[in-house]
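Student: Input: one structure, supplied below.
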Amino acid sequence: MRAGIDSVDTAPGAGKTRPWTDDLKICPSTGVGEATNQAYREDGSRFEAYKSRDKKCLCIVDDTLLYAIYSGHNGVRVSDFALQKMAADLLLGQLNGRTTDEAVKDVIRQAFHSVEKGYFDSIDTDVATKTALQLQLSADGLSQYQISQEFGNVLEKLGKINVELSVGSSAVLALIYQSKLYIGNIGNCRALLCKTDEFETLTVTQLSVDHNLYNEEEVLRLYRLGIEAQNFENCPLYSTRCIGNYLGKTGYKDCDFLSVACSEPVIFQPEIVGSIPITGSCKFLVLMSSGLCRAIHDLYPGDTSKGNRILIQMIAEEFQTQSTLAGVAQSVVHRIVQLHHDAFMQQVAEEGGTPANRQKQMTFRNRDDITLLIRNFNYPLPNAFNNRKNSSRSQSSGTVASSPTSPSSTATGSDATPTNTHSYQHSYAGTDTELSGLGTNVSVSSSERHDHDHAAPEQQERKVKPYVDFSDYHRRVAEARKLNKLPPGIDFD
């Protein structure tokens, strides 16, 4: 199968008619939700500012599964190229015979580097054109005014090609090989793994690293290069690491807000994590586009853990109400989209002064493309179609099948307990030692609320008794209390 790589055309633009990845088998245990970018007006109306730049992959080849999100900035060229090239470098036999974690991680690392090199090789013509245009503007003795008057068409062409050379992409991928999970990321996309601990509490661990100006280590790296902190305000630096973006790398001296750096400010250095054994405690995996990460940051600034926690709460709620994984993912995306627009309108209502002053004071005025990918391992989807079918068969044979309580989801913009039939409590758990301390776990525990306890006796008799048996739960709590192992911040009584 490896030989097939020679027939795969991954040059930028080559796959515009039909990407070869469309022919790969799609993972049925995955759901994807999407929303295109939106720019906001103060009257509440919104419009799509540009064509979607997000690309996704959820493919199966033999015993290898690849899930990925590529979020382009300034254009779709890099994310489109990365989608096809990365899949070609990971799914066409390169993993055959790789039996150790380091060997698998090395294949992933090489795939990232192959994509970066392949893209830069493909833009040689654009770089040469840029150089030729700059030479036309280097005539001696001409002032900036003279250049603008005599070489207007050259400046226009140079501006367009600079935009083309600034196109880049963030990426996050999850590779499942031999029942083990590997994560690779660069830029602003994010990967979360949800597991249950010994107390059956749902926890979430961020497996990726955010490469942006909210990451103190990245800001410190740029500071060492000579870029002062004040230059970061309103800085159009989408990510401090990425695939592509010639203008932020080799051509950074031609970029006004990066030209003071003593070396390339935007770098290519992906993070590779693994392996993580996929055990029964692994419930589902979440991949997030950079636009989703940004939207959550806009809603909950300065607290990544809180944003992750609330997103997982929404996903857990939608698992209880939806019948498909696609429905789960899309419903969560709809909730985030609405919350983000509502937060914008709240800014409009709260900020005083003239429209110009309000525009200056607003923390955000738009939203990027959003892609949410959920790969389910064994988290229950009670209302799945096959569950309904089995329930119908049981009833037709004279057996009464219990059905789970279905909460009515409500979009919440705070840590308050949602007003549905599931009550969620949040607490910080310790760092997951299995994942080498790469992220802080956030616990989400759920408990049923049975309002029938306060109903009249005759009404109680007519109600169906709860199908959930909490005896094992109380036994576990009692054992943990004796061992002084109860997680802090949760009321178990």
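Ordering of the structure tokens sets the chain letters (A, B, ...); residue numbers start at 1 within each chain; ligands are numbered from 1 in the order shown.
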Which residues are close to segment 288-299 of chain A, i.e. within 7 Å by only C-alpha atoms, leaving aside same-chain residues fewer than 6 positions away? Reply as a ChimeraX atom specification.

Tutor: /A:69,71,188-191,307,340,367-373

Student: May I have the selected residues written with C-alpha atoms, as a PDB file, in the first residue's frame?

Tutor:
```pdb
ATOM      1  CA  ILE A  69      -8.461  19.634  12.204  1.00  0.00           C
ATOM      2  CA  SER A  71      -7.446  25.890  10.832  1.00  0.00           C
ATOM      3  CA  ASN A 188      -4.118  27.297  18.193  1.00  0.00           C
ATOM      4  CA  CYS A 189      -6.077  24.065  17.749  1.00  0.00           C
ATOM      5  CA  ARG A 190      -6.677  21.926  20.838  1.00  0.00           C
ATOM      6  CA  ALA A 191      -7.120  18.294  21.915  1.00  0.00           C
ATOM      7  CA  GLY A 307     -13.503  27.075  29.150  1.00  0.00           C
ATOM      8  CA  HIS A 340     -20.748  34.209  21.588  1.00  0.00           C
ATOM      9  CA  ARG A 367     -15.996  34.956  15.351  1.00  0.00           C
ATOM     10  CA  ASP A 368     -13.793  32.631  13.313  1.00  0.00           C
ATOM     11  CA  ASP A 369     -14.761  29.333  11.676  1.00  0.00           C
ATOM     12  CA  ILE A 370     -15.653  26.663  14.235  1.00  0.00           C
ATOM     13  CA  THR A 371     -15.070  22.920  13.935  1.00  0.00           C
ATOM     14  CA  LEU A 372     -15.676  20.460  16.781  1.00  0.00           C
ATOM     15  CA  LEU A 373     -14.757  16.791  16.359  1.00  0.00           C
TER      16      LEU A 373
END
```

Student: Could you find all residues in segment 162-325 of chain A that DSSP calls helix (DSSP H, G or I) from the backbone, and write them as a VMD selection string?

Tutor: chain A and resid 162 to 165 216 to 224 229 to 232 246 to 248 252 to 254 290 to 299 304 to 321 325

Student: What gap, in Å, lies between atom CA of Ile227 of chain A and atom CA of Asn74 of chain A?

Tutor: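 Atom CA of Asn74 of chain A lies at a distance of 22.1 Å from atom CA of Ile227 of chain A.
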
Student: Can you list, as a short mmCIF file (atom, residue, chain, number, x, y, z; two decimals) with all heavy atoms, in the first residue's frame, every residue of segment 188-400 of chain A that DSSP puts in strand (DSSP E)?

Tutor:
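Final output, saved to selection_19.cif:
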```cif
data_model
loop_
_atom_site.label_atom_id
_atom_site.label_comp_id
_atom_site.auth_asym_id
_atom_site.auth_seq_id
_atom_site.Cartn_x
_atom_site.Cartn_y
_atom_site.Cartn_z
N ARG A 190 -6.79 22.52 19.49
CA ARG A 190 -6.68 21.93 20.84
C ARG A 190 -7.23 20.51 20.85
O ARG A 190 -8.15 20.18 20.11
CB ARG A 190 -7.43 22.80 21.85
CG ARG A 190 -7.18 22.48 23.30
CD ARG A 190 -7.91 23.49 24.19
NE ARG A 190 -7.39 24.84 24.03
CZ ARG A 190 -7.97 25.93 24.55
NH1 ARG A 190 -9.10 25.81 25.23
NH2 ARG A 190 -7.43 27.11 24.37
N ALA A 191 -6.66 19.67 21.72
CA ALA A 191 -7.12 18.29 21.92
C ALA A 191 -7.41 18.07 23.40
O ALA A 191 -6.59 18.40 24.25
CB ALA A 191 -6.08 17.29 21.42
N LEU A 192 -8.59 17.50 23.70
CA LEU A 192 -9.00 17.19 25.06
C LEU A 192 -9.36 15.71 25.14
O LEU A 192 -10.04 15.19 24.25
CB LEU A 192 -10.21 18.02 25.49
CG LEU A 192 -10.15 19.54 25.31
CD1 LEU A 192 -11.49 20.16 25.69
CD2 LEU A 192 -9.03 20.14 26.14
N LEU A 193 -8.91 15.04 26.19
CA LEU A 193 -9.28 13.65 26.43
C LEU A 193 -10.12 13.56 27.69
O LEU A 193 -9.71 14.03 28.75
CB LEU A 193 -8.04 12.77 26.59
CG LEU A 193 -8.31 11.29 26.88
CD1 LEU A 193 -9.07 10.64 25.72
CD2 LEU A 193 -7.00 10.55 27.16
N CYS A 194 -11.30 12.95 27.57
CA CYS A 194 -12.21 12.80 28.70
C CYS A 194 -12.19 11.36 29.19
O CYS A 194 -12.40 10.43 28.41
CB CYS A 194 -13.63 13.22 28.31
SG CYS A 194 -13.75 14.97 27.94
N LYS A 195 -11.94 11.19 30.48
CA LYS A 195 -11.85 9.86 31.09
C LYS A 195 -12.66 9.88 32.38
O LYS A 195 -13.06 10.94 32.86
CB LYS A 195 -10.39 9.51 31.41
CG LYS A 195 -9.45 9.59 30.22
CD LYS A 195 -8.00 9.44 30.63
CE LYS A 195 -7.68 8.05 31.14
NZ LYS A 195 -6.22 7.90 31.43
N THR A 196 -12.88 8.70 32.94
CA THR A 196 -13.47 8.60 34.28
C THR A 196 -12.39 8.11 35.24
O THR A 196 -11.55 7.27 34.88
CB THR A 196 -14.65 7.63 34.30
OG1 THR A 196 -14.28 6.39 33.69
CG2 THR A 196 -15.85 8.22 33.58
N LEU A 202 -16.20 12.11 35.61
CA LEU A 202 -15.69 12.47 34.30
C LEU A 202 -14.65 13.58 34.43
O LEU A 202 -14.91 14.62 35.02
CB LEU A 202 -16.84 12.94 33.40
CG LEU A 202 -16.50 13.16 31.92
CD1 LEU A 202 -16.09 11.86 31.26
CD2 LEU A 202 -17.70 13.77 31.20
N THR A 203 -13.45 13.35 33.91
CA THR A 203 -12.38 14.34 33.97
C THR A 203 -11.93 14.67 32.55
O THR A 203 -12.09 13.87 31.62
CB THR A 203 -11.16 13.81 34.76
OG1 THR A 203 -10.59 12.70 34.07
CG2 THR A 203 -11.57 13.38 36.16
N VAL A 204 -11.34 15.85 32.40
CA VAL A 204 -10.85 16.27 31.08
C VAL A 204 -9.41 16.73 31.22
O VAL A 204 -9.06 17.46 32.15
CB VAL A 204 -11.73 17.38 30.48
CG1 VAL A 204 -11.86 18.56 31.39
CG2 VAL A 204 -11.17 17.82 29.13
N THR A 205 -8.57 16.31 30.30
CA THR A 205 -7.17 16.70 30.27
C THR A 205 -6.84 17.28 28.90
O THR A 205 -7.15 16.66 27.88
CB THR A 205 -6.24 15.49 30.53
OG1 THR A 205 -6.55 14.92 31.80
CG2 THR A 205 -4.79 15.92 30.52
N GLN A 206 -6.25 18.46 28.88
CA GLN A 206 -5.81 19.05 27.62
C GLN A 206 -4.48 18.42 27.24
O GLN A 206 -3.49 18.51 27.98
CB GLN A 206 -5.68 20.57 27.73
CG GLN A 206 -5.23 21.22 26.43
CD GLN A 206 -5.30 22.72 26.45
OE1 GLN A 206 -6.18 23.30 27.09
NE2 GLN A 206 -4.37 23.37 25.77
N ILE A 243 2.05 25.91 10.52
CA ILE A 243 2.51 25.41 9.22
C ILE A 243 2.39 26.55 8.24
O ILE A 243 1.37 27.26 8.21
CB ILE A 243 1.66 24.21 8.75
CG1 ILE A 243 1.71 23.08 9.79
CG2 ILE A 243 2.13 23.71 7.40
CD1 ILE A 243 0.71 21.96 9.51
N GLY A 244 3.39 26.76 7.41
CA GLY A 244 3.33 27.84 6.44
C GLY A 244 3.66 29.19 7.04
O GLY A 244 4.49 29.30 7.94
N GLU A 271 4.18 19.88 18.75
CA GLU A 271 4.21 19.10 19.99
C GLU A 271 3.66 17.71 19.67
O GLU A 271 2.60 17.59 19.07
CB GLU A 271 3.35 19.76 21.06
CG GLU A 271 3.58 21.24 21.28
CD GLU A 271 4.74 21.51 22.21
OE1 GLU A 271 5.27 20.54 22.79
OE2 GLU A 271 5.11 22.70 22.36
N ILE A 272 4.37 16.67 20.10
CA ILE A 272 3.93 15.30 19.88
C ILE A 272 3.79 14.62 21.24
O ILE A 272 4.73 14.63 22.04
CB ILE A 272 4.93 14.50 19.01
CG1 ILE A 272 5.32 15.30 17.76
CG2 ILE A 272 4.34 13.15 18.64
CD1 ILE A 272 4.20 15.56 16.80
N VAL A 273 2.62 14.04 21.51
CA VAL A 273 2.34 13.40 22.80
C VAL A 273 1.90 11.96 22.57
O VAL A 273 1.13 11.67 21.65
CB VAL A 273 1.22 14.15 23.55
CG1 VAL A 273 0.85 13.43 24.85
CG2 VAL A 273 1.64 15.58 23.84
N GLY A 274 2.35 11.05 23.40
CA GLY A 274 1.91 9.65 23.30
C GLY A 274 2.98 8.71 23.80
O GLY A 274 4.12 9.11 24.04
N SER A 275 2.61 7.45 23.98
CA SER A 275 1.28 6.97 23.70
C SER A 275 0.40 7.01 24.95
O SER A 275 0.90 6.97 26.07
CB SER A 275 1.34 5.53 23.19
OG SER A 275 1.75 4.65 24.24
N ILE A 276 -0.90 7.04 24.73
CA ILE A 276 -1.90 6.98 25.78
C ILE A 276 -2.75 5.74 25.52
O ILE A 276 -3.48 5.69 24.52
CB ILE A 276 -2.77 8.24 25.79
CG1 ILE A 276 -1.90 9.49 25.94
CG2 ILE A 276 -3.82 8.16 26.88
CD1 ILE A 276 -2.61 10.77 25.61
N PRO A 277 -2.66 4.72 26.35
CA PRO A 277 -3.46 3.51 26.12
C PRO A 277 -4.95 3.82 26.16
O PRO A 277 -5.42 4.56 27.03
CB PRO A 277 -3.06 2.59 27.28
CG PRO A 277 -1.74 3.13 27.76
CD PRO A 277 -1.80 4.60 27.53
N CYS A 282 -11.33 5.59 29.21
CA CYS A 282 -11.35 6.63 28.16
C CYS A 282 -12.76 6.72 27.59
O CYS A 282 -13.27 5.74 27.04
CB CYS A 282 -10.36 6.30 27.06
SG CYS A 282 -8.63 6.30 27.58
N LYS A 283 -13.39 7.87 27.71
CA LYS A 283 -14.79 8.03 27.28
C LYS A 283 -14.92 8.66 25.90
O LYS A 283 -15.61 8.15 25.04
CB LYS A 283 -15.55 8.85 28.33
CG LYS A 283 -15.60 8.17 29.70
CD LYS A 283 -16.13 6.74 29.58
CE LYS A 283 -16.09 5.99 30.89
NZ LYS A 283 -16.52 4.58 30.74
N PHE A 284 -14.29 9.81 25.69
CA PHE A 284 -14.32 10.41 24.36
C PHE A 284 -13.18 11.41 24.20
O PHE A 284 -12.63 11.92 25.18
CB PHE A 284 -15.67 11.06 24.03
CG PHE A 284 -16.14 12.10 25.01
CD1 PHE A 284 -15.78 13.44 24.87
CD2 PHE A 284 -16.96 11.76 26.07
CE1 PHE A 284 -16.22 14.40 25.75
CE2 PHE A 284 -17.43 12.71 26.96
CZ PHE A 284 -17.05 14.04 26.81
N LEU A 285 -12.83 11.64 22.95
CA LEU A 285 -11.76 12.57 22.58
C LEU A 285 -12.38 13.76 21.86
O LEU A 285 -13.30 13.59 21.06
CB LEU A 285 -10.75 11.87 21.67
CG LEU A 285 -9.64 12.72 21.06
CD1 LEU A 285 -8.60 13.09 22.13
CD2 LEU A 285 -8.96 11.96 19.92
N VAL A 286 -11.87 14.95 22.13
CA VAL A 286 -12.38 16.17 21.52
C VAL A 286 -11.25 16.89 20.81
O VAL A 286 -10.19 17.14 21.41
CB VAL A 286 -13.01 17.10 22.58
CG1 VAL A 286 -13.40 18.44 21.95
CG2 VAL A 286 -14.21 16.45 23.23
N LEU A 287 -11.44 17.22 19.53
CA LEU A 287 -10.53 18.08 18.80
C LEU A 287 -11.25 19.38 18.48
O LEU A 287 -12.41 19.37 18.05
CB LEU A 287 -10.05 17.42 17.50
CG LEU A 287 -9.29 16.10 17.62
CD1 LEU A 287 -8.78 15.66 16.24
CD2 LEU A 287 -8.15 16.19 18.62
N MET A 288 -10.58 20.50 18.68
CA MET A 288 -11.20 21.82 18.54
C MET A 288 -10.39 22.67 17.55
O MET A 288 -9.16 22.72 17.62
CB MET A 288 -11.25 22.53 19.89
CG MET A 288 -11.89 21.73 21.00
SD MET A 288 -11.46 22.35 22.66
CE MET A 288 -11.99 24.06 22.55
N ASN A 366 -16.15 39.74 16.17
CA ASN A 366 -16.39 38.71 15.16
C ASN A 366 -16.06 37.35 15.74
O ASN A 366 -15.58 37.24 16.87
CB ASN A 366 -15.57 38.98 13.89
CG ASN A 366 -14.09 39.18 14.20
OD1 ASN A 366 -13.47 38.36 14.86
ND2 ASN A 366 -13.52 40.27 13.72
N ARG A 367 -16.29 36.33 14.95
CA ARG A 367 -16.00 34.96 15.35
C ARG A 367 -15.44 34.21 14.15
O ARG A 367 -15.90 34.38 13.02
CB ARG A 367 -17.28 34.27 15.86
CG ARG A 367 -17.11 32.79 16.14
CD ARG A 367 -18.42 32.17 16.58
NE ARG A 367 -19.51 32.35 15.65
CZ ARG A 367 -19.61 31.73 14.48
NH1 ARG A 367 -18.67 30.90 14.07
NH2 ARG A 367 -20.66 31.95 13.69
N ILE A 370 -15.64 27.59 13.10
CA ILE A 370 -15.65 26.66 14.23
C ILE A 370 -15.81 25.24 13.72
O ILE A 370 -16.68 24.96 12.89
CB ILE A 370 -16.79 26.99 15.21
CG1 ILE A 370 -16.44 28.25 16.02
CG2 ILE A 370 -17.08 25.83 16.14
CD1 ILE A 370 -17.51 28.65 17.01
N THR A 371 -14.94 24.35 14.20
CA THR A 371 -15.07 22.92 13.93
C THR A 371 -14.84 22.17 15.24
O THR A 371 -13.85 22.41 15.93
CB THR A 371 -14.06 22.43 12.88
OG1 THR A 371 -14.23 23.18 11.67
CG2 THR A 371 -14.26 20.95 12.58
N LEU A 372 -15.77 21.29 15.57
CA LEU A 372 -15.68 20.46 16.78
C LEU A 372 -15.79 19.00 16.37
O LEU A 372 -16.77 18.59 15.75
CB LEU A 372 -16.80 20.81 17.76
CG LEU A 372 -16.96 19.89 18.98
CD1 LEU A 372 -15.73 19.98 19.88
CD2 LEU A 372 -18.22 20.26 19.76
N LEU A 373 -14.78 18.21 16.69
CA LEU A 373 -14.76 16.79 16.36
C LEU A 373 -14.76 15.98 17.66
O LEU A 373 -13.93 16.21 18.53
CB LEU A 373 -13.52 16.46 15.51
CG LEU A 373 -13.39 15.04 14.94
CD1 LEU A 373 -12.55 15.08 13.65
CD2 LEU A 373 -12.76 14.08 15.93
N ILE A 374 -15.72 15.07 17.78
CA ILE A 374 -15.84 14.22 18.97
C ILE A 374 -15.69 12.77 18.54
O ILE A 374 -16.48 12.26 17.74
CB ILE A 374 -17.20 14.41 19.67
CG1 ILE A 374 -17.40 15.88 20.04
CG2 ILE A 374 -17.29 13.52 20.91
CD1 ILE A 374 -18.80 16.18 20.58
N ARG A 375 -14.67 12.10 19.08
CA ARG A 375 -14.47 10.68 18.82
C ARG A 375 -14.89 9.92 20.08
O ARG A 375 -14.24 10.01 21.12
CB ARG A 375 -13.00 10.42 18.51
CG ARG A 375 -12.65 9.12 17.76
CD ARG A 375 -13.25 7.86 18.23
NE ARG A 375 -12.70 6.71 17.52
CZ ARG A 375 -12.91 5.47 17.88
NH1 ARG A 375 -13.69 5.19 18.93
NH2 ARG A 375 -12.38 4.47 17.21
N ASN A 376 -15.98 9.20 19.99
CA ASN A 376 -16.50 8.48 21.15
C ASN A 376 -15.81 7.13 21.31
O ASN A 376 -15.60 6.42 20.34
CB ASN A 376 -18.01 8.27 21.01
CG ASN A 376 -18.65 7.82 22.31
OD1 ASN A 376 -18.11 8.07 23.39
ND2 ASN A 376 -19.78 7.17 22.23
#
```

Student: Skip Ser263 of chain A itself and residues of its chain fewer than 5 positions away, then list as JSON, numbers by chain all residues within 10 Å of it, counting only C-alpha atoms.

Tutor: {"A": [222, 224, 225, 226, 249, 250, 252, 253, 258]}
